[in-house]
Amino acid sequence: MPDYTIWVLENAHALEHTVGGILYGRYNEGTRVVPFGYYALEGDARTILIDTGWDDEAQSGHAYGEIAGATDWQGPREVLGRIGIDPDEVETVLLTHLHFDHAGHVAAFPNASFVLQRRELEQAVTAIASPPRLHWLRTALNPDDVIAVVGLAREGRLTLVDGPIDNVLPGIHLRPAFDTHSAGIQYVIVDTDSHGRFVLSSDVVYSYDNIEGLDGDGKYIPLGFAVGSQTATLHAFDEIMQAVDFDRRRVVPLHDAKVWERYPSSTHGGLHVAEICSPEAALDGRAVVAAERT
Ligand SMILES: [Zn+2]
């Protein structure tokens with residue numbers, strides 16, 4: 001089995017995101033800090049990203065960031081530079097879905113090949129081609145991003161997949177969660193030699209509260225925002241939990257500031273970097289996984 005270092009990199013945050021946007025039905029329950037970010041993996045002589053953030057310097061990217069209440073944005077050169085990665089080095093980008101905060105900056109990775117579920121692209125095109133009365137279906141979808149992703153296909157840098165893919169790269173598995181948060185979203189399972197399995201959930205799971213329940217009662221709470229079915233969403237939570245033998249600390253969402261507490265992390269200009277695991281951490285006796293820190 002290959003070994004990977006896995007990071008979560010924060011590229012912006014919303015300081016007052018409504019709790020109801022994260023947890024279904026929790027209206028009038030105030031706000032919380034919600035990070036935005038993406039995952040980076042290094043190992044097996046590869047540099048891999050899962051999602052790309054967005055380009056806040058582009059007019060449309062900035063507009064979507066404003067709608068989401070995102071502030072303190074930083075671009076990938078700065079964010080990835082913290083862990084010694086140059087965007088030009090990224091070889092593979094696994095896109096979980098096409099929402100602006102996940103697939104909005106593909107041009108920043110000129111040497112990367114991209115992998116996406118076919119259903120996500122097809123349904124995104126369908127949503128942006130819908131009449132105005134159906135525009136809720138394109139919430140968080142920036143048409144400029146969809147066009148940029150199609151442009152990758154013209155350059156021979158886009159692979160569309162259908163359903164689960166084992167070992168898309170060694171030890172890295174794609175799992176669709178169709179008709180949940182978005183029409184064709186997928187999450188990523190990473191099996192590492194020194195630290196075992198992690199599920200990088202992206203927005204299939206927004207926060208630990210979704211899978212841990214309120215006050216840790218263990219009852220799943222649907223997402224505050226899903227274009228698909230909440231039944232499908234809860235079943236996706238359960239698939240994820242089964243994939244890690246119900247060790248919820250091996251599930252890593254992107255929109256939960258608890259990630260910075262549960263894993264070794266540092267801050268840079270107010271933005272966080274969390275190291276989920278690394279082969280070196282096993283060798284030098286640092287925390288084996290955050291599982292043992294909480
Ligand atoms: Zn998101």
# chains A, B, ... in the order shown; residues from 1 in each chain; ligands from 1
$ residues_near_ligand --ligand "ligand 1" --cutoff "9 Å" --atoms "only C-alpha atoms and all ligand atoms" --output "list in words"
Phe36, Gly37, Gly53, His97, His99, Phe100, Asp101, His102, Ala140, Ser202, Asp203, Tyr206, Leu254 and His255 of chain A
$ closest_atom_pairs --of "range 125-239 of chain A" --to "range 54-70 of chain A" --cutoff "10 Å" --atoms "only C-alpha atoms" --output "Markdown table"
| residue | atom | partner | partner_atom | distance |
| --- | --- | --- | --- | --- |
| A:Thr139 | CA | A:Tyr64 | CA | 9.6 |
| A:Ala140 | CA | A:Tyr64 | CA | 7.1 |
| A:Leu141 | CA | A:Tyr64 | CA | 8.6 |
| A:Asn142 | CA | A:Ser60 | CA | 7.3 |
| A:Pro143 | CA | A:Ser60 | CA | 8.9 |
| A:Asp144 | CA | A:Ser60 | CA | 7.4 |
| A:Asp145 | CA | A:Gly61 | CA | 8.6 |
$ closest_residue --among "A:Gln74, A:Thr18, A:Ser266, A:Ser207" --to "Gly30 in chain A" --atoms "only C-alpha atoms"
A:Thr18
$ closest_residue --among "A:Leu80, A:Pro132, A:Glu261, A:Gln186" --to "Glu120 in chain A" --atoms "only C-alpha atoms"
A:Gln186
$ select_by_dssp --residues "range 68-294 of chain A" --states "alpha helix (DSSP H)" --output "PyMOL selection string"
chain A and resi 76-81+100-103+118-128+143-154+208-212+230-243+259-262+279-283
$ closest_residue --among "A:Trp7, A:Leu23, A:Glu29, A:Pro110" --to "Ser278 in chain A" --atoms "only C-alpha atoms"
A:Trp7
$ decode --residues "range 47-132 of chain A" --atoms "C-alpha atoms" --output "PDB file, in the first residue's frame"
ATOM      1  CA  THR A  47       1.196  15.512  -5.833  1.00  0.00           C
ATOM      2  CA  ILE A  48      -2.579  15.369  -5.754  1.00  0.00           C
ATOM      3  CA  LEU A  49      -5.282  17.878  -4.922  1.00  0.00           C
ATOM      4  CA  ILE A  50      -8.860  17.170  -4.045  1.00  0.00           C
ATOM      5  CA  ASP A  51     -10.789  20.271  -5.131  1.00  0.00           C
ATOM      6  CA  THR A  52      -9.327  23.648  -6.005  1.00  0.00           C
ATOM      7  CA  GLY A  53     -11.068  26.469  -4.137  1.00  0.00           C
ATOM      8  CA  TRP A  54     -12.016  29.498  -6.236  1.00  0.00           C
ATOM      9  CA  ASP A  55     -10.452  32.520  -7.841  1.00  0.00           C
ATOM     10  CA  ASP A  56     -11.515  35.492  -5.765  1.00  0.00           C
ATOM     11  CA  GLU A  57      -9.625  37.810  -8.102  1.00  0.00           C
ATOM     12  CA  ALA A  58     -12.017  36.904 -10.907  1.00  0.00           C
ATOM     13  CA  GLN A  59     -15.237  38.897 -10.933  1.00  0.00           C
ATOM     14  CA  SER A  60     -17.606  35.954 -10.880  1.00  0.00           C
ATOM     15  CA  GLY A  61     -15.574  33.989  -8.343  1.00  0.00           C
ATOM     16  CA  HIS A  62     -15.544  36.985  -6.028  1.00  0.00           C
ATOM     17  CA  ALA A  63     -19.298  37.405  -6.405  1.00  0.00           C
ATOM     18  CA  TYR A  64     -19.959  33.806  -5.337  1.00  0.00           C
ATOM     19  CA  GLY A  65     -17.533  34.175  -2.440  1.00  0.00           C
ATOM     20  CA  GLU A  66     -19.440  37.251  -1.294  1.00  0.00           C
ATOM     21  CA  ILE A  67     -22.756  35.421  -1.406  1.00  0.00           C
ATOM     22  CA  ALA A  68     -21.205  32.751   0.821  1.00  0.00           C
ATOM     23  CA  GLY A  69     -19.883  35.409   3.193  1.00  0.00           C
ATOM     24  CA  ALA A  70     -16.285  34.287   2.618  1.00  0.00           C
ATOM     25  CA  THR A  71     -13.469  36.550   3.752  1.00  0.00           C
ATOM     26  CA  ASP A  72      -9.669  36.472   4.072  1.00  0.00           C
ATOM     27  CA  TRP A  73      -9.345  34.547   0.783  1.00  0.00           C
ATOM     28  CA  GLN A  74      -5.895  33.489  -0.365  1.00  0.00           C
ATOM     29  CA  GLY A  75      -4.916  31.943  -3.687  1.00  0.00           C
ATOM     30  CA  PRO A  76      -3.370  28.515  -4.233  1.00  0.00           C
ATOM     31  CA  ARG A  77       0.200  29.751  -4.686  1.00  0.00           C
ATOM     32  CA  GLU A  78       0.163  31.152  -1.183  1.00  0.00           C
ATOM     33  CA  VAL A  79      -1.941  28.415   0.395  1.00  0.00           C
ATOM     34  CA  LEU A  80      -0.066  25.492  -1.147  1.00  0.00           C
ATOM     35  CA  GLY A  81       3.263  27.246  -0.636  1.00  0.00           C
ATOM     36  CA  ARG A  82       2.835  26.674   3.095  1.00  0.00           C
ATOM     37  CA  ILE A  83       3.333  22.968   2.585  1.00  0.00           C
ATOM     38  CA  GLY A  84       5.987  23.375  -0.094  1.00  0.00           C
ATOM     39  CA  ILE A  85       3.783  22.642  -3.101  1.00  0.00           C
ATOM     40  CA  ASP A  86       3.896  24.760  -6.254  1.00  0.00           C
ATOM     41  CA  PRO A  87       0.590  24.698  -8.175  1.00  0.00           C
ATOM     42  CA  ASP A  88       2.563  23.846 -11.325  1.00  0.00           C
ATOM     43  CA  GLU A  89       3.637  20.561  -9.702  1.00  0.00           C
ATOM     44  CA  VAL A  90       0.116  19.264  -9.150  1.00  0.00           C
ATOM     45  CA  GLU A  91      -0.387  16.278 -11.431  1.00  0.00           C
ATOM     46  CA  THR A  92      -3.887  15.168 -10.551  1.00  0.00           C
ATOM     47  CA  VAL A  93      -6.926  17.008  -9.254  1.00  0.00           C
ATOM     48  CA  LEU A  94      -9.866  14.942  -8.076  1.00  0.00           C
ATOM     49  CA  LEU A  95     -12.913  17.210  -8.203  1.00  0.00           C
ATOM     50  CA  THR A  96     -15.583  16.161  -5.749  1.00  0.00           C
ATOM     51  CA  HIS A  97     -18.245  18.427  -7.285  1.00  0.00           C
ATOM     52  CA  LEU A  98     -18.604  21.643  -9.248  1.00  0.00           C
ATOM     53  CA  HIS A  99     -19.740  24.138  -6.622  1.00  0.00           C
ATOM     54  CA  PHE A 100     -17.801  27.382  -6.865  1.00  0.00           C
ATOM     55  CA  ASP A 101     -15.781  26.794  -3.695  1.00  0.00           C
ATOM     56  CA  HIS A 102     -14.553  23.377  -4.895  1.00  0.00           C
ATOM     57  CA  ALA A 103     -13.961  23.639  -8.646  1.00  0.00           C
ATOM     58  CA  GLY A 104     -13.479  27.344  -9.180  1.00  0.00           C
ATOM     59  CA  HIS A 105      -9.829  27.665  -9.911  1.00  0.00           C
ATOM     60  CA  VAL A 106      -8.862  24.969 -12.385  1.00  0.00           C
ATOM     61  CA  ALA A 107      -6.720  27.394 -14.414  1.00  0.00           C
ATOM     62  CA  ALA A 108      -4.325  27.643 -11.472  1.00  0.00           C
ATOM     63  CA  PHE A 109      -3.167  24.069 -12.135  1.00  0.00           C
ATOM     64  CA  PRO A 110      -1.880  24.119 -15.721  1.00  0.00           C
ATOM     65  CA  ASN A 111      -0.149  20.746 -15.602  1.00  0.00           C
ATOM     66  CA  ALA A 112      -2.847  18.743 -13.850  1.00  0.00           C
ATOM     67  CA  SER A 113      -5.277  16.173 -15.122  1.00  0.00           C
ATOM     68  CA  PHE A 114      -8.738  16.327 -13.582  1.00  0.00           C
ATOM     69  CA  VAL A 115     -11.189  13.595 -12.626  1.00  0.00           C
ATOM     70  CA  LEU A 116     -14.906  14.193 -12.082  1.00  0.00           C
ATOM     71  CA  GLN A 117     -18.086  12.144 -12.074  1.00  0.00           C
ATOM     72  CA  ARG A 118     -19.818  12.421 -15.457  1.00  0.00           C
ATOM     73  CA  ARG A 119     -23.168  12.928 -13.724  1.00  0.00           C
ATOM     74  CA  GLU A 120     -21.898  16.050 -11.943  1.00  0.00           C
ATOM     75  CA  LEU A 121     -20.860  17.726 -15.195  1.00  0.00           C
ATOM     76  CA  GLU A 122     -24.009  16.704 -17.063  1.00  0.00           C
ATOM     77  CA  GLN A 123     -26.302  17.895 -14.310  1.00  0.00           C
ATOM     78  CA  ALA A 124     -24.350  21.133 -13.843  1.00  0.00           C
ATOM     79  CA  VAL A 125     -24.782  21.940 -17.535  1.00  0.00           C
ATOM     80  CA  THR A 126     -28.471  21.064 -17.239  1.00  0.00           C
ATOM     81  CA  ALA A 127     -28.828  23.339 -14.201  1.00  0.00           C
ATOM     82  CA  ILE A 128     -27.148  26.344 -15.801  1.00  0.00           C
ATOM     83  CA  ALA A 129     -29.278  25.851 -18.933  1.00  0.00           C
ATOM     84  CA  SER A 130     -32.476  25.814 -16.900  1.00  0.00           C
ATOM     85  CA  PRO A 131     -35.040  28.634 -17.086  1.00  0.00           C
ATOM     86  CA  PRO A 132     -34.921  31.267 -14.351  1.00  0.00           C
TER      87      PRO A 132
END
